[in-house]
Each structure stands twice: as C-alpha cells, then as structure tokens.
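Undergrad: mmCIF, C-alpha atoms and all ligand atoms, saved as final-v1.cif, coming up:
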```cif
data_coords
#
loop_
_atom_site.label_atom_id
_atom_site.label_comp_id
_atom_site.auth_asym_id
_atom_site.auth_seq_id
_atom_site.Cartn_x
_atom_site.Cartn_y
_atom_site.Cartn_z
CA MET L 21 97.57 150.08 33.16
CA ILE L 22 100.26 151.73 31.06
CA GLU L 23 99.23 154.63 28.85
CA PHE L 24 101.37 156.30 26.18
CA VAL L 25 101.29 160.07 25.79
CA PRO L 26 103.36 162.42 23.64
CA ILE L 27 106.55 163.20 25.51
CA ALA L 28 105.83 166.90 24.97
CA ASP L 29 102.96 166.54 27.48
CA ILE L 30 105.45 165.82 30.28
CA ALA L 31 107.54 168.45 32.05
CA PRO L 32 111.05 168.28 30.51
CA ASP L 33 112.66 168.17 33.97
CA LEU L 34 110.81 164.97 34.83
CA VAL L 35 111.98 163.34 31.60
CA GLU L 36 115.60 164.38 32.18
CA GLN L 37 115.53 163.10 35.76
CA LEU L 38 114.17 159.72 34.64
CA LEU L 39 116.91 159.49 31.99
CA ASP L 40 119.53 160.25 34.66
CA ARG L 41 118.16 157.50 36.90
CA ALA L 42 118.09 154.97 34.05
CA PHE L 43 121.44 155.80 32.40
CA GLY L 44 123.44 157.87 34.90
CA ALA L 45 124.12 161.60 34.87
CA ASP L 46 127.09 161.18 32.50
CA ARG L 47 124.79 159.87 29.75
CA HIS L 48 125.32 163.00 27.61
CA LEU L 49 128.85 161.84 26.82
CA ARG L 50 127.58 158.74 25.03
CA THR L 51 128.22 158.40 21.32
CA ALA L 52 124.48 158.12 20.64
CA TYR L 53 124.11 161.72 21.80
CA GLN L 54 126.87 162.89 19.45
CA ILE L 55 125.21 161.29 16.41
CA ARG L 56 122.12 163.48 16.84
CA ALA L 57 123.80 166.58 18.25
CA GLY L 58 121.79 169.72 17.61
CA VAL L 59 118.49 168.24 16.47
CA ALA L 60 115.23 167.97 18.38
CA ALA L 61 113.42 164.68 18.96
CA ILE L 62 110.60 163.88 16.53
CA PRO L 63 107.39 164.68 18.44
CA GLU L 64 105.29 162.03 16.64
CA LEU L 65 107.75 159.27 17.59
CA SER L 66 108.61 160.27 21.15
CA PHE L 67 106.48 159.07 24.05
CA ALA L 68 106.13 158.85 27.78
CA ALA L 69 104.68 155.79 29.50
CA MET L 70 102.35 156.77 32.33
CA GLU L 71 100.89 154.61 35.06
CA SER L 72 98.32 156.04 37.44
CA GLY L 73 99.55 159.53 36.59
CA ALA L 74 103.22 158.69 37.24
CA LEU L 75 105.97 158.75 34.61
CA VAL L 76 107.46 155.23 34.34
CA GLY L 77 109.27 155.29 30.99
CA THR L 78 110.25 157.29 27.94
CA ILE L 79 111.36 156.81 24.37
CA GLN L 80 112.66 159.41 21.94
CA CYS L 81 113.47 159.20 18.23
CA TRP L 82 115.64 161.61 16.27
CA PRO L 83 116.10 162.69 12.64
CA ILE L 84 119.56 161.69 11.45
CA ARG L 85 121.17 161.04 8.08
CA PHE L 86 123.69 158.70 6.53
CA GLU L 87 126.05 160.49 4.19
CA GLY L 88 127.29 157.67 1.98
CA ASP L 89 130.76 157.81 0.47
CA ASP L 90 129.03 156.84 -2.80
CA GLY L 91 127.11 160.15 -2.71
CA ASN L 92 123.84 158.70 -1.43
CA ASP L 93 122.24 160.66 1.37
CA VAL L 94 119.86 158.46 3.36
CA PRO L 95 117.44 159.97 5.87
CA MET L 96 117.32 157.77 8.95
CA ILE L 97 115.66 157.65 12.37
CA GLN L 98 117.75 157.14 15.48
CA LEU L 99 115.75 155.29 18.12
CA GLY L 100 116.40 155.83 21.79
CA PRO L 101 117.07 156.33 24.56
CA VAL L 102 114.51 153.90 25.85
CA ALA L 103 114.39 154.39 29.60
CA VAL L 104 112.31 152.66 32.25
CA GLU L 105 112.10 153.76 35.86
CA PRO L 106 114.58 151.44 37.64
CA ALA L 107 111.99 150.12 40.08
CA ARG L 108 109.73 149.19 37.17
CA GLN L 109 112.28 147.52 34.87
CA GLN L 110 111.80 143.97 33.53
CA GLY L 111 108.03 144.35 33.52
CA GLY L 112 107.41 144.84 29.81
CA ILE L 113 107.39 148.64 29.75
CA GLY L 114 110.55 148.96 27.61
CA ARG L 115 109.22 146.49 25.07
CA ALA L 116 105.84 148.21 24.95
CA LEU L 117 107.43 151.65 24.48
CA THR L 118 109.73 150.43 21.71
CA ALA L 119 106.86 148.62 19.96
CA HIS L 120 104.72 151.75 20.20
CA ALA L 121 107.43 153.95 18.68
CA LEU L 122 108.12 151.45 15.90
CA ASP L 123 104.41 151.08 15.14
CA SER L 124 104.09 154.87 15.01
CA ALA L 125 107.08 155.07 12.66
CA GLU L 126 105.51 152.43 10.39
CA ALA L 127 102.21 154.31 10.34
CA ALA L 128 104.01 157.56 9.45
CA GLY L 129 106.09 155.92 6.72
CA LEU L 130 109.27 156.58 8.70
CA ALA L 131 110.35 153.01 9.44
CA GLU L 132 112.46 152.37 6.34
CA ALA L 133 115.82 153.01 7.98
CA ILE L 134 116.08 152.98 11.77
CA THR L 135 119.27 152.72 13.79
CA LEU L 136 120.26 152.62 17.44
CA ILE L 137 123.15 151.79 19.72
CA GLY L 138 122.04 149.09 22.13
CA ASP L 139 122.17 145.50 23.22
CA PRO L 140 121.52 143.11 20.33
CA GLU L 141 120.29 140.56 22.87
CA TYR L 142 117.37 142.91 23.49
CA TYR L 143 116.77 144.83 20.24
CA GLY L 144 117.54 141.84 18.04
CA ARG L 145 115.54 139.35 20.00
CA PHE L 146 112.39 141.45 20.31
CA PHE L 147 112.52 143.83 17.35
CA GLY L 148 114.73 142.38 14.63
CA PHE L 149 117.57 144.91 14.75
CA ASP L 150 121.02 143.66 13.77
CA ALA L 151 124.52 144.88 12.97
CA SER L 152 124.82 143.13 9.61
CA ARG L 153 124.81 146.36 7.56
CA THR L 154 126.58 148.79 9.89
CA ALA L 155 130.19 147.54 9.79
CA GLN L 156 131.43 150.32 7.50
CA TRP L 157 129.54 153.18 9.11
CA ARG L 158 131.52 155.99 10.69
CA ILE L 159 130.08 157.66 13.76
CA PRO L 160 131.28 160.57 15.88
CA GLY L 161 132.56 158.60 18.87
CA PRO L 162 133.51 155.16 20.09
CA VAL L 163 131.09 152.25 19.72
CA GLU L 164 131.21 148.52 20.19
CA ARG L 165 130.49 147.48 16.63
CA HIS L 166 128.09 144.68 17.52
CA ARG L 167 125.93 147.28 19.33
CA LEU L 168 125.48 149.56 16.29
CA LEU L 169 122.18 148.15 15.05
CA ALA L 170 119.75 148.86 12.24
CA ARG L 171 116.40 147.76 10.87
CA GLY L 172 114.50 148.55 7.68
CA ARG L 173 114.42 148.13 3.93
CA ALA L 174 116.40 151.29 3.16
CA VAL L 175 119.24 150.81 5.68
CA PRO L 176 122.47 151.61 3.80
CA GLU L 177 125.18 149.00 3.78
CA GLY L 178 128.31 150.73 2.53
CA ALA L 179 130.76 153.20 4.00
CA GLY L 180 129.54 156.58 5.19
CA LEU L 181 129.01 158.96 8.05
CA LEU L 182 126.07 159.11 10.48
CA GLY L 183 125.12 162.54 11.71
CA PRO L 184 122.22 164.84 12.58
CA ARG L 185 119.61 165.70 9.94
CA ILE L 186 119.08 169.40 10.27
CA THR L 187 116.43 169.76 7.57
CA VAL L 188 112.81 169.22 8.55
CA LEU L 189 110.99 166.08 7.39
CA ALA L 190 109.00 166.62 4.23
C1 LIG C 1 116.70 148.25 28.82
C2 LIG C 1 115.31 148.67 29.22
C3 LIG C 1 114.80 149.78 28.33
C4 LIG C 1 114.39 147.44 29.06
O1 LIG C 1 113.07 147.76 29.44
P1 LIG C 1 112.35 146.89 30.59
O2 LIG C 1 110.97 147.37 30.70
O3 LIG C 1 113.20 146.93 31.82
O4 LIG C 1 112.45 145.40 30.04
P2 LIG C 1 111.29 144.61 29.27
O5 LIG C 1 110.30 144.19 30.28
O6 LIG C 1 110.86 145.38 28.10
O7 LIG C 1 112.09 143.33 28.74
C5 LIG C 1 112.41 142.34 29.65
C6 LIG C 1 113.11 141.22 28.89
O8 LIG C 1 114.21 141.77 28.18
C7 LIG C 1 115.42 141.27 28.69
N1 LIG C 1 116.34 142.40 28.78
C8 LIG C 1 116.15 143.55 29.41
N2 LIG C 1 117.22 144.36 29.23
C9 LIG C 1 118.08 143.67 28.46
C10 LIG C 1 119.37 143.95 27.95
N3 LIG C 1 119.97 145.12 28.15
N4 LIG C 1 119.96 143.00 27.19
C11 LIG C 1 119.36 141.82 26.96
N5 LIG C 1 118.14 141.49 27.43
C12 LIG C 1 117.52 142.41 28.18
C13 LIG C 1 115.09 140.72 30.07
O9 LIG C 1 115.97 139.69 30.42
C14 LIG C 1 113.68 140.21 29.86
O10 LIG C 1 113.70 138.97 29.18
P3 LIG C 1 112.68 137.78 29.59
O11 LIG C 1 111.31 138.31 29.25
O12 LIG C 1 113.10 136.61 28.78
O13 LIG C 1 112.87 137.61 31.07
C15 LIG C 1 115.24 149.14 30.71
O14 LIG C 1 115.63 148.07 31.55
C16 LIG C 1 116.13 150.34 31.03
O15 LIG C 1 115.66 151.46 31.00
N6 LIG C 1 117.38 150.09 31.38
C17 LIG C 1 118.32 151.16 31.70
C18 LIG C 1 118.63 152.01 30.53
C19 LIG C 1 119.07 151.21 29.33
O16 LIG C 1 120.02 150.43 29.41
N7 LIG C 1 118.35 151.42 28.20
C20 LIG C 1 118.58 150.71 26.96
C21 LIG C 1 119.65 151.32 26.15
S1 LIG C 1 120.39 150.15 25.09
#
```
Turn this file's structure into structure tokens for me.

TA:
Amino acid sequence: MIEFVPIADIAPDLVEQLLDRAFGADRHLRTAYQIRAGVAAIPELSFAAMESGALVGTIQCWPIRFEGDDGNDVPMIQLGPVAVEPARQQGGIGRALTAHALDSAEAAGLAEAITLIGDPEYYGRFFGFDASRTAQWRIPGPVERHRLLARGRAVPEGAGLLGPRITVLA
C-alpha cells in the first residue's frame, strides 16, 4: 500500500538520489529549475510516496509568479518534479502523487494557477493541463512550447515573465 507523507519527513539525500535516478544527474540544468531558482518547495504541497517503509516517489511544488507585461502580477504554483523510482514506474504512483498534490492545493485554495513543464500526453490526459494559455510566456531557458502547461481559473494568458516568488504566501 502506498502512503503519502510530507517530503520534509524524508532525509533530503534520499530524495535527491531518487530524483537523480528518475531524471539523471544533470537535471539541475533543466529550465524548470531556473524558473523557481532560489525558492524553497511549499511544504504543504510536497510529498513522498512510501511503500513498506521504502521511498518510491516524490512530488514537489514551488511558489512562482507571472509578471505580466500589462502590470498584473499573478502568484502561481509550479508543480514538479514528479519522480517515481524507475523499477516502480507505470504502476499508478505518479498519478496518485500528482492527484494528491493537486487535491492538497485545492484544499488550501492554491489551485487557481498551476503550471509545469511536462508531457501533455500525461498531464493533459490525466489532469487537464494544456498549453493553450502559455504561448506568450517568457521563461528563463529553452522549452518546447507544447510542454509548457497550465491549469486553473486564474492562469494568465498574455505576455509576461515566469520567475520565482520570493515573498511568503499570505
Ligand atoms: C512520468 C512519471 C512521473 C509517471 O509516473 P508513473 O507512476 O511511472 O506512471 P503512472 O502509473 O502514473 O501512469 C501510467 C500511465 O501514464 C502513461 N505515461 C507515463 N509516462 C508518460 C509520459 N511521459 N507521457 C505520456 N504518457 C505517460 C503510461 O503510458 C500509462 O498509461 P496507461 O495507463 O494507459 O498504460 C514516472 O514514470 C517518472 O518518474 N518518470 C521519470 C521522470 C519523469 O519523466 N517525470 C515527469 C516529468 S514531465
């Protein structure tokens, strides 16, 4: 049985090693990391999946902001990485982790504007993310545009810059 615990309950080294196995040790160069540079993951939306005492997956969410060219500043959540132990992939753990984080965001009133970089065949199919509003976004690094996804009522649609949100959530 899979159990979700706050990621803070797990030794950081174990989390980092799982992320390396899932994404490769060069993962820090990814654009997703640049978008949230310098902020800490949101504890209430970041989880480890445990099975019989073993770490089998993680999800982290980050406070970011969209600085619209029209002057609007939109607080957003960046979702991911979602990582599942390679030997345990394709067994529903990634979906369960993502659903748990999204449910937690809904419950906390933080699900109005969520973004991620990922496969639309996965995040669209299971969770309703799409790239329909992100075409004019600027981000600090290269991205395949169809993989810059968003979900939520308050997702901005115009031109603007995604970056870390340094201020603490109210
Ligand atoms: C991607 C990942 C999080 C998915 O979690 P998982 O537990 O392995 O997969 P799930 O059991 O939740 O989902 C399985 C289903 O999603 C599909 N799927 C899995 N990864 C997919 C992908 N990248 N693109 C499209 N579909 C995908 C599978 O085909 C399967 O579909 P089916 O039920 O019709 O057979 C996990 O495989 C992983 O950690 N991969 C390496 C790191 C990574 O790429 N993370 C995602 C960043 S975008």

Undergrad: Considering only C-alpha atoms, return as a PyMOL selection string whatever protein or nucleic-acid residues lie within 12 Å of Glu36 of chain L, sequence-local ones (same chain, fewer than 4 positions apart) excluded.

TA: chain L and resi 27+30-32+40-48+68+75+77-80+101+103+105

Undergrad: Please provide the set of residues having any atom within 12 Å of Arg158 of chain L, restricted to all atoms listed in the file, with same-chain residues fewer than 4 positions apart removed, written as a VMD selection string.

TA: chain L and resid 51 55 85 to 89 154 162 to 163 165 168 177 to 183

Undergrad: Would you work out the distance separating atom CA of Ala61 of chain L from atom CA of Leu130 of chain L, expressed in Å to one decimal?

TA: 13.7 Å

Undergrad: Using all atoms listed in the file, which of L:Phe67, L:Phe149, L:Trp82, L:Tyr143 sits nearest Gln54 of chain L?

TA: L:Trp82

Undergrad: Residues at most 6 Å from ligand LIG 1 (chain C), using all atoms listed in the file? Could they come as a ChimeraX atom specification?

TA: /L:42-43,101-104,109-115,138-139,141-142

Undergrad: Would you export the selected residues with C-alpha atoms as a PDB file, keeping the file's coordinate frame, please?

TA:
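Dumped everything to again-v7.pdb:
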```
ATOM      1  CA  ALA L  42     118.090 154.970  34.050  1.00  0.00           C
ATOM      2  CA  PHE L  43     121.440 155.800  32.400  1.00  0.00           C
ATOM      3  CA  PRO L 101     117.070 156.330  24.560  1.00  0.00           C
ATOM      4  CA  VAL L 102     114.510 153.900  25.850  1.00  0.00           C
ATOM      5  CA  ALA L 103     114.390 154.390  29.600  1.00  0.00           C
ATOM      6  CA  VAL L 104     112.310 152.660  32.250  1.00  0.00           C
ATOM      7  CA  GLN L 109     112.280 147.520  34.870  1.00  0.00           C
ATOM      8  CA  GLN L 110     111.800 143.970  33.530  1.00  0.00           C
ATOM      9  CA  GLY L 111     108.030 144.350  33.520  1.00  0.00           C
ATOM     10  CA  GLY L 112     107.410 144.840  29.810  1.00  0.00           C
ATOM     11  CA  ILE L 113     107.390 148.640  29.750  1.00  0.00           C
ATOM     12  CA  GLY L 114     110.550 148.960  27.610  1.00  0.00           C
ATOM     13  CA  ARG L 115     109.220 146.490  25.070  1.00  0.00           C
ATOM     14  CA  GLY L 138     122.040 149.090  22.130  1.00  0.00           C
ATOM     15  CA  ASP L 139     122.170 145.500  23.220  1.00  0.00           C
ATOM     16  CA  GLU L 141     120.290 140.560  22.870  1.00  0.00           C
ATOM     17  CA  TYR L 142     117.370 142.910  23.490  1.00  0.00           C
TER      18      TYR L 142
END
```

Undergrad: Just give me the gap between atom CA of Asn92 of chain L and atom CA of Ala128 of chain L in Å, one decimal is fine.

TA: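 According to the coordinates, atom CA of Asn92 of chain L and atom CA of Ala128 of chain L are separated by 22.6 Å.
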
Undergrad: Quick one: everything within 12 Å of Ile84 of chain L, counting only C-alpha atoms, minus sequence neighbours fewer than 6 positions away in the same chain. Send it as a PyMOL selection string.

TA: chain L and resi 52-62+93-99+130+133-136+159+181-189

Undergrad: Between atom CA of Ser66 of chain L and atom CA of His120 of chain L, what is the distance in Å, rounded to a tenth?

TA: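 Those two atoms sit 9.4 Å apart.
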
Undergrad: With all atoms listed in the file as the basis for distance, which of L:Met70, L:Ala107, L:Val175, L:Leu49 is at the shortest distance from Pro160 of chain L?

TA: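 Comparing L:Met70, L:Ala107, L:Val175, L:Leu49 against Pro160 of chain L, the winner is L:Leu49.
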
Undergrad: Give the answer as one residue: which of L:Pro26, L:Pro140, L:Pro106, L:Pro176 has the shortest atom-to-atom distance to Leu38 of chain L, using only C-alpha atoms?

TA: L:Pro106

Undergrad: Tell me which protein, DNA and RNA residues are within 9 Å of Ser152 of chain L, counting only C-alpha atoms, leaving out same-chain ones fewer than 3 positions away, and put them as a ChimeraX atom specification.

TA: /L:155,166,169-170,177
